[in-house]
>>> print(open('run24.cif').read())   # mmCIF, C-alpha atoms and all ligand atoms
data_run
#
loop_
_atom_site.label_atom_id
_atom_site.label_comp_id
_atom_site.auth_asym_id
_atom_site.auth_seq_id
_atom_site.Cartn_x
_atom_site.Cartn_y
_atom_site.Cartn_z
CA MET A 1 76.72 245.41 -0.15
CA THR A 2 80.13 243.86 -0.21
CA ARG A 3 79.07 241.76 2.70
CA LEU A 4 76.22 240.37 0.68
CA PHE A 5 78.27 240.11 -2.47
CA LYS A 6 81.11 238.17 -1.00
CA PRO A 7 79.22 235.03 -0.11
CA LEU A 8 77.40 235.20 -3.44
CA GLN A 9 80.67 235.49 -5.24
CA SER A 10 82.16 232.55 -3.48
CA LEU A 11 79.02 230.54 -4.12
CA VAL A 12 79.32 231.22 -7.82
CA LEU A 13 82.94 230.28 -7.67
CA ALA A 14 82.18 227.11 -5.77
CA VAL A 15 79.47 226.07 -8.19
CA GLY A 16 81.76 226.82 -11.11
CA MET A 17 84.51 224.74 -9.64
CA ALA A 18 82.14 221.95 -8.93
CA PHE A 19 81.16 221.84 -12.60
CA LEU A 20 84.79 221.88 -13.60
CA ALA A 21 85.50 219.15 -11.13
CA ILE A 22 82.88 216.71 -12.47
CA PRO A 23 84.92 215.52 -15.42
CA LEU A 24 88.03 215.49 -13.26
CA LEU A 25 86.36 213.44 -10.56
CA ALA A 26 84.86 211.08 -13.10
CA GLY A 27 88.33 210.53 -14.52
CA ALA A 28 88.30 209.14 -18.09
CA GLU A 29 84.65 208.05 -17.79
CA VAL A 30 82.53 209.13 -20.73
CA PRO A 31 78.82 208.36 -20.73
CA ARG A 32 78.37 205.05 -22.55
CA PRO A 33 75.43 204.05 -24.69
CA ASP A 34 73.18 201.56 -23.01
CA ILE A 35 73.42 198.64 -25.41
CA PRO A 36 70.78 195.94 -24.93
CA GLN A 37 71.89 192.36 -24.40
CA ALA A 38 71.57 189.93 -27.32
CA ASN A 39 69.32 186.89 -27.07
CA ALA A 40 72.10 184.40 -27.65
CA ARG A 41 75.84 184.00 -27.87
CA TYR A 42 77.79 182.76 -30.84
CA SER A 43 79.90 180.54 -28.61
CA GLU A 44 81.12 180.33 -25.05
CA ALA A 45 84.09 182.45 -25.92
CA GLN A 46 82.60 184.82 -28.44
CA GLY A 47 79.46 186.91 -28.21
CA CYS A 48 78.72 187.86 -31.81
CA VAL A 49 79.36 186.22 -35.17
CA GLU A 50 82.82 187.83 -35.16
CA PRO A 51 84.66 189.11 -32.10
CA THR A 52 82.75 191.96 -30.50
CA GLU A 53 85.46 194.58 -31.17
CA GLU A 54 85.49 193.61 -34.83
CA MET A 55 81.70 193.81 -35.05
CA ARG A 56 81.59 197.18 -33.33
CA LYS A 57 83.99 198.64 -35.85
CA ASN A 58 83.12 196.81 -39.03
CA HIS A 59 79.58 195.39 -38.84
CA MET A 60 78.55 197.54 -41.79
CA GLU A 61 81.15 195.89 -44.02
CA TYR A 62 79.76 192.45 -43.26
CA ILE A 63 76.19 193.56 -43.81
CA LEU A 64 77.03 195.39 -47.03
CA HIS A 65 78.87 192.39 -48.44
CA GLN A 66 76.02 190.09 -47.55
CA ARG A 67 73.49 192.55 -48.95
CA ASP A 68 74.95 192.51 -52.43
CA GLU A 69 75.48 188.76 -52.51
CA THR A 70 71.95 188.06 -51.37
CA MET A 71 70.32 190.65 -53.56
CA ARG A 72 72.22 189.91 -56.76
CA GLN A 73 73.24 186.27 -56.46
CA GLY A 74 70.67 184.72 -54.17
CA VAL A 75 73.32 183.75 -51.60
CA ARG A 76 71.41 183.29 -48.39
CA THR A 77 73.89 182.26 -45.76
CA LYS A 78 72.94 183.25 -42.28
CA GLN A 79 76.05 184.33 -40.46
CA TYR A 80 75.97 187.96 -41.57
CA SER A 81 72.34 188.34 -42.57
CA LEU A 82 70.48 191.35 -41.24
CA GLU A 83 67.52 189.14 -40.40
CA GLU A 84 69.75 187.26 -38.00
CA CYS A 85 71.06 190.46 -36.43
CA ILE A 86 67.51 191.51 -35.70
CA ASN A 87 66.38 188.10 -34.47
CA CYS A 88 69.21 188.00 -32.00
CA HIS A 89 69.52 191.62 -30.93
CA VAL A 90 65.96 192.92 -30.89
CA PRO A 91 63.22 191.55 -28.63
CA LYS A 92 60.21 190.03 -30.29
CA PRO A 93 57.25 192.36 -30.48
CA GLU A 94 55.46 191.45 -27.26
CA SER A 95 51.92 192.55 -26.73
CA GLY A 96 52.01 196.24 -25.92
CA LYS A 97 55.78 196.61 -26.20
CA ILE A 98 57.38 196.90 -29.59
CA VAL A 99 60.95 198.12 -29.67
CA ARG A 100 61.34 199.96 -32.95
CA SER A 101 64.41 201.33 -34.64
CA ASP A 102 63.54 204.88 -33.59
CA SER A 103 63.79 203.93 -29.91
CA LYS A 104 67.05 204.00 -28.00
CA GLU A 105 66.08 200.61 -26.60
CA HIS A 106 66.53 199.19 -30.10
CA PHE A 107 69.94 197.57 -30.36
CA CYS A 108 70.97 199.41 -33.53
CA SER A 109 69.68 202.79 -32.39
CA SER A 110 71.12 202.51 -28.90
CA CYS A 111 74.53 203.05 -30.41
CA HIS A 112 73.66 204.88 -33.61
CA SER A 113 71.82 207.64 -31.80
CA TYR A 114 74.76 207.93 -29.43
CA ALA A 115 77.20 208.19 -32.31
CA ALA A 116 74.81 210.40 -34.32
CA VAL A 117 75.04 208.16 -37.37
CA LYS A 118 71.78 207.82 -39.25
CA ILE A 119 70.86 204.36 -40.47
CA ASP A 120 68.68 203.81 -43.47
CA CYS A 121 68.20 200.04 -43.24
CA PHE A 122 64.81 200.20 -41.59
CA SER A 123 63.04 202.35 -44.12
CA CYS A 124 62.73 199.08 -46.07
CA HIS A 125 63.77 196.32 -43.67
CA ARG A 126 61.66 195.18 -40.78
CA ASP A 127 63.14 196.45 -37.50
CA THR A 128 61.75 193.70 -35.26
CA PRO A 129 61.84 189.90 -35.48
CA MET A 130 58.90 188.26 -37.20
CA PRO A 131 56.37 187.03 -34.64
CA ASP A 132 57.24 183.43 -35.53
CA ALA A 133 61.01 183.97 -35.52
CA GLU A 134 63.07 181.88 -33.17
CA PRO A 135 65.67 184.00 -31.40
CA GLY A 136 68.96 183.09 -32.98
CA MET A 137 67.30 180.92 -35.59
CA HIS A 138 66.82 181.53 -39.25
CA ARG A 139 63.47 181.23 -40.90
CA LEU A 140 64.84 179.88 -44.18
CA GLY A 141 67.18 177.37 -42.59
CA GLY A 142 64.82 175.42 -40.41
CA GLY A 143 65.58 174.16 -36.96
CA LYS A 144 69.19 175.18 -36.52
CA GLY A 145 71.03 178.06 -34.96
CA HIS A 146 71.89 181.01 -37.09
CA HIS A 147 75.60 180.53 -37.36
CA PHE A 148 75.76 177.67 -39.75
CA THR A 149 76.38 177.81 -43.45
CA GLU A 150 75.88 174.17 -44.32
CA THR A 151 73.92 173.18 -47.33
CA GLU A 152 70.30 172.16 -47.20
CA THR A 153 71.30 168.56 -47.83
CA GLU A 154 73.54 168.45 -44.80
CA LEU A 155 70.86 170.07 -42.77
CA THR A 156 68.35 167.46 -43.86
CA ALA A 157 70.82 164.76 -42.91
CA ASP A 158 71.20 166.37 -39.50
CA VAL A 159 67.49 166.53 -38.95
CA LEU A 160 67.15 162.95 -40.10
CA ARG A 161 69.88 161.83 -37.73
CA ALA A 162 68.28 163.67 -34.84
CA ALA A 163 64.91 162.17 -35.69
CA THR A 164 66.41 158.68 -35.93
CA GLU A 165 68.13 159.03 -32.60
CA GLU A 166 64.88 160.17 -31.10
CA GLY A 167 63.16 157.15 -32.57
CA LEU A 168 65.76 154.77 -31.15
CA GLN A 169 65.40 156.02 -27.63
CA MET B 170 60.68 158.74 -36.92
CA SER B 171 59.49 159.78 -40.31
CA GLU B 172 56.88 162.20 -39.04
CA HIS B 173 59.77 164.52 -38.14
CA VAL B 174 61.09 164.52 -41.67
CA ASP B 175 59.64 166.29 -44.63
CA THR B 176 60.11 163.76 -47.36
CA SER B 177 58.34 165.62 -50.14
CA ARG B 178 61.62 166.77 -51.68
CA ARG B 179 63.13 163.35 -51.33
CA ARG B 180 60.21 161.75 -53.10
CA PHE B 181 60.31 164.41 -55.78
CA ILE B 182 63.98 163.88 -56.45
CA GLY B 183 63.52 160.12 -56.54
CA GLY B 184 60.61 160.38 -58.94
CA THR B 185 62.28 162.83 -61.26
CA ALA B 186 65.52 160.91 -61.27
CA GLY B 187 63.69 157.76 -62.30
CA ALA B 188 61.78 159.50 -65.03
CA ALA B 189 64.81 161.37 -66.26
CA ALA B 190 67.00 158.31 -66.30
CA GLY B 191 64.35 156.46 -68.28
CA MET B 192 64.35 159.11 -70.94
CA SER B 193 67.99 159.98 -71.10
CA ILE B 194 70.77 158.55 -73.22
CA ALA B 195 73.32 159.16 -70.51
CA PRO B 196 71.63 158.68 -67.17
CA GLY B 197 74.51 160.12 -65.18
CA VAL B 198 74.15 163.48 -66.87
CA PHE B 199 70.51 163.73 -65.99
CA LEU B 200 71.10 162.68 -62.43
CA ASN B 201 73.33 165.71 -62.00
CA GLN B 202 70.60 167.94 -63.29
CA VAL B 203 67.96 166.59 -60.96
CA ALA B 204 65.95 169.35 -59.45
CA GLN B 205 67.45 170.31 -56.15
CA ALA B 206 67.62 173.52 -54.22
CA LYS B 207 71.00 175.17 -54.54
CA PRO B 208 73.07 175.31 -51.35
CA ALA B 209 72.51 178.58 -49.52
CA ASP B 210 76.09 179.72 -50.08
CA GLN B 211 76.07 179.20 -53.86
CA PRO B 212 75.14 181.95 -56.33
CA VAL B 213 72.30 181.43 -58.77
CA THR B 214 73.35 180.55 -62.31
CA SER B 215 71.95 180.82 -65.81
CA GLU B 216 71.51 177.04 -65.85
CA ASN B 217 68.01 177.76 -64.62
CA ARG B 218 65.50 180.11 -66.01
CA TRP B 219 62.51 180.32 -63.77
CA GLY B 220 59.14 180.88 -65.29
CA MET B 221 55.45 180.38 -64.85
CA LEU B 222 52.65 179.08 -67.02
CA ILE B 223 49.14 180.27 -66.23
CA ASP B 224 46.11 178.53 -67.67
CA THR B 225 43.39 181.17 -67.71
CA ASN B 226 40.77 178.56 -68.55
CA LYS B 227 41.24 177.24 -65.04
CA CYS B 228 41.06 180.71 -63.57
CA GLY B 229 37.92 180.88 -61.41
CA ASP B 230 35.38 183.55 -62.28
CA GLY B 231 35.90 186.55 -60.00
CA CYS B 232 38.53 184.64 -58.02
CA ASP B 233 41.44 186.67 -56.67
CA ALA B 234 43.09 184.03 -54.51
CA CYS B 235 46.45 184.58 -56.21
CA VAL B 236 46.38 188.29 -55.41
CA ARG B 237 45.51 187.61 -51.79
CA GLY B 238 48.18 184.93 -51.58
CA CYS B 239 50.79 187.36 -52.87
CA MET B 240 49.69 190.05 -50.41
CA GLU B 241 49.97 187.68 -47.51
CA GLU B 242 53.34 186.33 -48.56
CA ASN B 243 54.95 189.65 -49.35
CA GLY B 244 53.11 191.97 -47.01
CA TRP B 245 51.52 194.53 -49.32
CA GLY B 246 47.92 195.64 -49.80
CA ASP B 247 45.61 195.16 -46.82
CA ILE B 248 48.34 193.17 -45.12
CA ASN B 249 50.47 196.28 -44.72
CA ASP B 250 47.98 199.04 -45.35
CA SER B 251 50.23 201.86 -44.28
CA GLU B 252 49.89 204.35 -47.10
CA PRO B 253 46.92 206.30 -45.79
CA HIS B 254 47.50 209.32 -48.03
CA SER B 255 47.74 207.39 -51.27
CA ALA B 256 44.84 206.80 -53.63
CA PRO B 257 44.04 203.15 -54.40
CA GLU B 258 45.58 203.44 -57.85
CA GLN B 259 48.80 204.76 -56.31
CA LYS B 260 49.19 201.89 -53.88
CA ALA B 261 51.39 198.90 -54.52
CA GLN B 262 49.98 196.19 -56.77
CA TRP B 263 52.36 193.30 -57.35
CA ILE B 264 49.78 191.19 -59.12
CA ARG B 265 46.38 192.17 -60.44
CA ILE B 266 43.40 190.52 -62.04
CA VAL B 267 42.81 191.80 -65.55
CA GLU B 268 39.41 191.21 -67.10
CA LEU B 269 39.21 190.64 -70.81
CA ARG B 270 36.00 191.12 -72.72
CA ASP B 271 35.40 190.49 -76.37
CA THR B 272 33.27 193.47 -77.36
CA ARG B 273 31.69 191.61 -80.27
CA THR B 274 30.66 188.44 -78.53
CA GLY B 275 30.60 189.68 -74.96
CA TYR B 276 32.73 186.72 -73.92
CA ALA B 277 34.64 187.69 -70.77
CA HIS B 278 37.39 186.05 -68.84
CA GLN B 279 40.20 187.07 -66.53
CA LEU B 280 43.89 186.59 -66.03
CA PRO B 281 46.38 187.39 -63.30
CA LEU B 282 49.06 189.83 -64.43
CA MET B 283 52.35 190.46 -62.68
CA CYS B 284 55.96 191.11 -63.65
CA GLN B 285 56.57 188.86 -66.63
CA HIS B 286 60.26 188.43 -65.80
CA CYS B 287 61.32 189.42 -69.28
CA LYS B 288 64.52 187.99 -70.68
CA HIS B 289 65.17 191.40 -72.21
CA PRO B 290 63.59 193.64 -69.59
CA PRO B 291 62.99 197.26 -70.63
CA CYS B 292 62.89 198.20 -66.94
CA VAL B 293 66.52 197.14 -66.65
CA ASP B 294 67.51 198.94 -69.85
CA VAL B 295 66.25 202.31 -68.64
CA CYS B 296 67.36 202.20 -65.01
CA PRO B 297 70.05 204.86 -64.48
CA THR B 298 71.56 203.24 -61.38
CA GLY B 299 71.51 199.51 -62.04
CA ALA B 300 68.90 199.00 -59.36
CA SER B 301 66.51 197.36 -61.78
CA MET B 302 68.27 194.10 -62.46
CA LYS B 303 67.91 190.59 -63.78
CA ARG B 304 69.50 187.74 -61.86
CA ALA B 305 71.39 185.04 -63.73
CA ASP B 306 68.39 182.74 -63.31
CA GLY B 307 66.04 185.20 -65.02
CA ILE B 308 64.29 186.71 -62.00
CA VAL B 309 63.91 190.48 -62.39
CA LEU B 310 64.18 192.48 -59.17
CA VAL B 311 64.68 195.99 -57.86
CA ASP B 312 67.74 196.47 -55.69
CA LYS B 313 66.16 199.01 -53.40
CA HIS B 314 69.53 199.80 -51.83
CA ILE B 315 70.45 201.77 -54.92
CA CYS B 316 67.03 202.64 -56.38
CA ILE B 317 66.62 206.41 -56.48
CA GLY B 318 62.90 206.29 -57.13
CA CYS B 319 63.03 207.95 -60.55
CA ARG B 320 60.31 205.59 -61.79
CA TYR B 321 61.74 205.31 -65.31
CA CYS B 322 61.26 201.57 -65.01
CA MET B 323 57.56 202.01 -64.30
CA MET B 324 57.26 203.98 -67.50
CA ALA B 325 59.24 201.43 -69.47
CA CYS B 326 57.39 198.33 -68.31
CA PRO B 327 54.77 197.37 -70.90
CA TYR B 328 52.84 195.37 -68.31
CA LYS B 329 52.33 198.03 -65.65
CA ALA B 330 53.94 195.60 -63.29
CA ARG B 331 55.74 198.02 -60.99
CA SER B 332 54.64 200.17 -58.07
CA PHE B 333 56.21 203.08 -56.26
CA ILE B 334 55.97 203.47 -52.50
CA HIS B 335 55.00 207.00 -51.51
CA GLU B 336 54.89 206.77 -47.75
CA ASP B 337 56.83 205.43 -44.80
CA LEU B 338 56.17 201.77 -44.15
CA GLN B 339 56.46 199.74 -41.01
CA ASP B 340 56.33 196.05 -40.18
CA GLN B 341 57.35 194.83 -43.59
CA LEU B 342 57.69 191.07 -43.80
CA VAL B 343 61.22 189.81 -43.51
CA VAL B 344 61.09 188.07 -46.89
CA ALA B 345 60.08 191.23 -48.72
CA PRO B 346 61.84 194.43 -47.67
CA ARG B 347 60.05 197.42 -49.18
CA GLY B 348 59.96 201.11 -48.43
CA LYS B 349 59.31 204.70 -49.28
CA GLY B 350 60.96 206.15 -52.35
CA THR B 351 61.64 202.86 -54.07
CA VAL B 352 59.95 200.82 -56.76
CA GLU B 353 58.83 197.24 -56.33
CA SER B 354 57.24 194.41 -58.24
CA CYS B 355 56.64 190.67 -58.23
CA THR B 356 59.82 188.84 -57.21
CA LEU B 357 58.58 185.45 -58.39
CA CYS B 358 58.76 184.69 -54.65
CA VAL B 359 62.53 184.70 -54.98
CA HIS B 360 62.93 183.79 -51.30
CA ARG B 361 61.05 180.57 -51.95
CA VAL B 362 62.97 179.90 -55.16
CA ASP B 363 66.29 180.31 -53.37
CA ARG B 364 65.13 177.93 -50.68
CA ASP B 365 63.36 175.27 -52.72
CA GLY B 366 64.77 175.50 -56.25
CA ALA B 367 62.61 173.70 -58.80
CA ASP B 368 60.32 172.53 -56.00
CA ALA B 369 59.40 176.11 -55.20
CA VAL B 370 55.78 177.13 -55.38
CA PRO B 371 55.23 180.89 -55.53
CA ALA B 372 52.56 182.17 -53.15
CA CYS B 373 50.11 182.98 -55.99
CA ALA B 374 50.37 179.45 -57.33
CA GLU B 375 49.97 177.99 -53.87
CA ALA B 376 46.86 180.06 -53.17
CA CYS B 377 45.40 179.16 -56.56
CA ALA B 378 45.95 175.45 -55.93
CA ALA B 379 44.41 175.78 -52.48
CA GLU B 380 41.27 177.15 -54.14
CA GLY B 381 41.27 174.06 -56.33
CA HIS B 382 41.90 175.96 -59.57
CA ASP B 383 45.51 174.93 -60.13
CA ALA B 384 46.01 177.45 -62.91
CA PHE B 385 49.72 178.04 -62.23
CA VAL B 386 52.74 175.93 -63.06
CA PHE B 387 56.08 177.21 -61.83
CA GLY B 388 59.33 175.75 -63.07
CA ASP B 389 62.56 175.84 -64.99
CA LEU B 390 62.15 176.83 -68.64
CA ASN B 391 65.71 175.64 -69.30
CA ASP B 392 64.99 172.11 -68.13
CA PRO B 393 63.19 170.20 -70.90
CA ASN B 394 61.89 167.73 -68.33
CA SER B 395 60.32 170.23 -66.00
CA GLU B 396 56.53 170.23 -65.80
CA ILE B 397 56.35 173.71 -67.28
CA SER B 398 58.58 172.87 -70.25
CA ARG B 399 56.64 169.68 -70.95
CA GLN B 400 53.32 171.50 -70.85
CA LEU B 401 54.66 174.25 -73.09
CA ALA B 402 56.03 171.66 -75.52
CA LEU B 403 52.69 169.83 -75.53
CA HIS B 404 50.17 172.65 -75.64
CA GLY B 405 52.19 175.80 -76.28
CA GLY B 406 51.76 179.04 -74.43
CA THR B 407 51.17 182.67 -75.25
CA GLU B 408 53.29 185.64 -74.32
CA ILE B 409 51.37 188.84 -73.79
CA ARG B 410 52.56 191.31 -76.40
CA ALA B 411 54.89 188.76 -77.90
CA ASP B 412 55.48 191.32 -80.66
CA LEU B 413 57.74 193.23 -78.29
CA GLY B 414 60.18 190.33 -78.39
CA LEU B 415 60.97 190.46 -74.68
CA ASP B 416 60.95 186.66 -74.24
CA LEU B 417 58.78 186.50 -71.16
CA GLY B 418 59.22 184.17 -68.23
CA VAL B 419 55.46 184.14 -67.66
CA ARG B 420 53.38 182.39 -70.29
CA TYR B 421 49.64 182.02 -70.58
CA ARG B 422 47.24 179.51 -71.98
CA GLY B 423 43.64 180.29 -72.85
CA ILE B 424 44.08 183.90 -73.94
S1 LIG A 501 57.33 192.79 -66.86
FE1 LIG A 501 57.94 194.92 -66.53
S2 LIG A 501 58.92 194.91 -64.53
FE2 LIG A 501 58.83 192.78 -65.18
S3 LIG A 501 60.81 192.41 -66.22
FE3 LIG A 501 59.35 193.01 -67.81
S4 LIG A 501 59.62 195.21 -68.01
FE4 LIG A 501 60.55 194.64 -66.05
S1 LIG A 502 62.81 203.78 -59.98
FE1 LIG A 502 64.61 202.71 -59.16
S2 LIG A 502 64.64 200.72 -60.25
FE2 LIG A 502 63.24 202.08 -61.39
S3 LIG A 502 64.54 203.00 -62.99
FE3 LIG A 502 64.57 204.43 -61.23
S4 LIG A 502 66.36 203.82 -60.00
FE4 LIG A 502 65.93 202.14 -61.44
#
>>> encode(input="run24.cif", output="structure tokens")
Amino acid sequence: MTRLFKPLQSLVLAVGMAFLAIPLLAGAEVPRPDIPQANARYSEAQGCVEPTEEMRKNHMEYILHQRDETMRQGVRTKQYSLEECINCHVPKPESGKIVRSDSKEHFCSSCHSYAAVKIDCFSCHRDTPMPDAEPGMHRLGGGKGHHFTETETELTADVLRAATEEGLQ
Amino acid sequence: MSEHVDTSRRRFIGGTAGAAAGMSIAPGVFLNQVAQAKPADQPVTSENRWGMLIDTNKCGDGCDACVRGCMEENGWGDINDSEPHSAPEQKAQWIRIVELRDTRTGYAHQLPLMCQHCKHPPCVDVCPTGASMKRADGIVLVDKHICIGCRYCMMACPYKARSFIHEDLQDQLVVAPRGKGTVESCTLCVHRVDRDGADAVPACAEACAAEGHDAFVFGDLNDPNSEISRQLALHGGTEIRADLGLDLGVRYRGI
């Protein structure tokens, strides 16, 4: 009996130690959320519309601020608009594959499910880009990247200039 | 070169400026007021008051192009038919066709009815959270971020203009966020107004014009030179239930 018990006992012990050892072996490694890559970068140096660390901590402040200004005052700048977040961070609904906000493949949910923080945005807001959305472009602004806040007039001038240059070539 | 450039606004500005300058005592003043979309980073102001004039005489018999146009633009109705458990009368209806019949003569005609964008909106008065709100430029909206779905505003609205969403929605259009537990109504295509200013054409008006009926005129009631103000000055316009004294943004002719 003891003969049989001994190896069993040591097996249990070994397995137990192995479990204990996993975190030790892995060092400070904690499983990380698998955050999908965005479609575009803000600049060479900077990924998002503010430095990534800032966005990770405070993105909700930017979105909340923008929300009230857009809703109440009709301010429709693009830098912090939720539409832009989605256009850049969520793949377009391809045929057969739609990444929705309840999937961990969705940019917002990849982290929010990890952090166990419920988001309410997508009960009203669309969670995927519009089929005609340009990644990193804004529907209201026309043919320019999403990080500009120029006025319509300046934009028109830009388009005109581009068109003229095209014509001259 | 020019085929890349949308010159419609340019032409509009030029035309209006000429006309305005011709009529004004101080041309410079009018030039500043020339219809132009506000820059995206500027708030709306009470300088404008957006409104609509609808000529029901031009309204085609049995035509519902405006309703369809609104559905397509804002993604409600058949376009986002995701309230399978709701009865038709429970489903969202931002704009509806109302038929009028004179019981004595039998004369019948129709009009499109949507949020009238009241200057003194009862829906705003009764809202306990401030979600039902009027922008400085007169557009009445629901801030769904803080709407608690009590539906007081639906009760208060004399025009039955508001709808409540009973079920989870998906694939809303980006210009019109809408969802379960909140109230919604015509936004006067606020996303177009913010983009195009006085040049804006709400989706209902666009669809109506495409049908060749041209019953809608959208514009600035504060600008005496706008098309809508000139038509109102020339032919007048009726407010539905004017006795309520709500000073409506939507006016009718032919009723
Ligand atoms: S018509 Fe109804 S919903 Fe629209 S502003 Fe007036 S009271 Fe409010
Ligand atoms: S349903 Fe929403 S908008 Fe209407 S009164 Fe209640 S909180 Fe205000």
>>> residues_around(input="run24.cif", residues="stretch 302-313 of chain B", least_positions_apart="4", cutoff="7 Å", atoms="only C-alpha atoms", output="VMD selection string")
(chain A and resid 71 to 73) or (chain B and resid 213 to 219 286 288 293 351 to 353 356 to 357)
>>> closest_residue(input="run24.cif", among="B:Leu403, B:Leu222, B:Cys232, B:Leu413", to="ligand LIG 501 (chain A)", atoms="only C-alpha atoms and all ligand atoms")
B:Leu413
>>> residues_around(input="run24.cif", residues="A:Tyr80", least_positions_apart="6", cutoff="9 Å", atoms="all atoms listed in the file", output="list in words")
Val49, His59, Tyr62, Ile63, His65, Gln66 and His147 of chain A
>>> closest_residue(input="run24.cif", among="B:Val267, B:Ala384, B:Met221, B:Ala206", to="chain A", atoms="only C-alpha atoms")
B:Ala206
>>> interface_residues(input="run24.cif", of="chain B", to="chain A", cutoff="9 Å", atoms="only C-alpha atoms", output="ChimeraX atom specification")
/B:170-175,206-214,302-305,310-314,337-343,345-349,351,359-361,363-364
>>> closest_atom_pairs(input="run24.cif", of="chain B", to="ligand LIG 502 (chain A)", cutoff="6 Å", atoms="all atoms listed in the file", output="tab-separated table")
residue	atom	partner	partner_atom	distance
B:Val295	CA	A:LIG502	S3	5.9
B:Cys296	CA	A:LIG502	S3	3.6
B:Pro297	CA	A:LIG502	FE4	5.8
B:Thr298	CA	A:LIG502	S4	5.4
B:Ala300	CA	A:LIG502	S2	4.7
B:Ser301	CA	A:LIG502	S2	4.1
B:Val311	CA	A:LIG502	S2	5.3
B:Cys316	CA	A:LIG502	FE1	3.7
B:Ile317	CA	A:LIG502	S4	4.4
B:Gly318	CA	A:LIG502	S1	3.8
B:Cys319	CA	A:LIG502	FE3	3.9
B:Arg320	CA	A:LIG502	S1	3.6
B:Tyr321	CA	A:LIG502	S3	4.3
B:Cys322	CA	A:LIG502	S3	4.1
B:Thr351	CA	A:LIG502	FE1	5.9
B:Val352	CA	A:LIG502	S1	5.2
>>> decode(input="run24.cif", residues="stretch 119-130 of chain A", atoms="N, CA, C and O atoms", output="compact mmCIF listing (two decimals), in the first residue's frame")
# COMPACT_ATOMS: atom_id res chain seq x y z
N ILE A 119 -19.02 48.18 -22.34
CA ILE A 119 -19.21 49.43 -23.09
C ILE A 119 -20.63 49.47 -23.64
O ILE A 119 -21.18 48.46 -24.06
N ASP A 120 -21.15 50.68 -23.66
CA ASP A 120 -22.55 50.85 -24.05
C ASP A 120 -22.67 51.56 -25.40
O ASP A 120 -23.76 51.72 -25.92
N CYS A 121 -21.54 51.96 -25.96
CA CYS A 121 -21.56 52.77 -27.18
C CYS A 121 -22.38 52.10 -28.28
O CYS A 121 -23.15 52.74 -28.99
N PHE A 122 -22.20 50.77 -28.41
CA PHE A 122 -22.70 50.11 -29.61
C PHE A 122 -24.13 49.63 -29.51
O PHE A 122 -24.61 48.93 -30.39
N SER A 123 -24.83 50.00 -28.41
CA SER A 123 -26.26 49.76 -28.45
C SER A 123 -26.91 50.77 -29.39
O SER A 123 -27.99 50.53 -29.93
N CYS A 124 -26.29 51.92 -29.57
CA CYS A 124 -26.81 52.91 -30.53
C CYS A 124 -25.88 53.12 -31.73
O CYS A 124 -26.34 53.34 -32.84
N HIS A 125 -24.58 53.13 -31.47
CA HIS A 125 -23.64 53.41 -32.57
C HIS A 125 -23.33 52.14 -33.34
O HIS A 125 -23.23 51.06 -32.79
N ARG A 126 -23.11 52.32 -34.60
CA ARG A 126 -22.69 51.26 -35.49
C ARG A 126 -21.31 50.77 -35.05
O ARG A 126 -20.43 51.56 -34.75
N ASP A 127 -21.11 49.45 -35.01
CA ASP A 127 -19.84 48.91 -34.51
C ASP A 127 -18.86 48.53 -35.62
O ASP A 127 -17.78 48.02 -35.36
N THR A 128 -19.26 48.75 -36.87
CA THR A 128 -18.37 48.47 -37.99
C THR A 128 -18.34 49.70 -38.90
O THR A 128 -19.25 50.53 -38.85
N PRO A 129 -17.31 49.82 -39.73
CA PRO A 129 -17.32 50.95 -40.68
C PRO A 129 -18.46 50.80 -41.68
O PRO A 129 -18.90 49.67 -41.95
N MET A 130 -18.94 51.90 -42.19
CA MET A 130 -19.93 51.85 -43.25
C MET A 130 -19.27 51.17 -44.46
O MET A 130 -18.07 51.31 -44.67
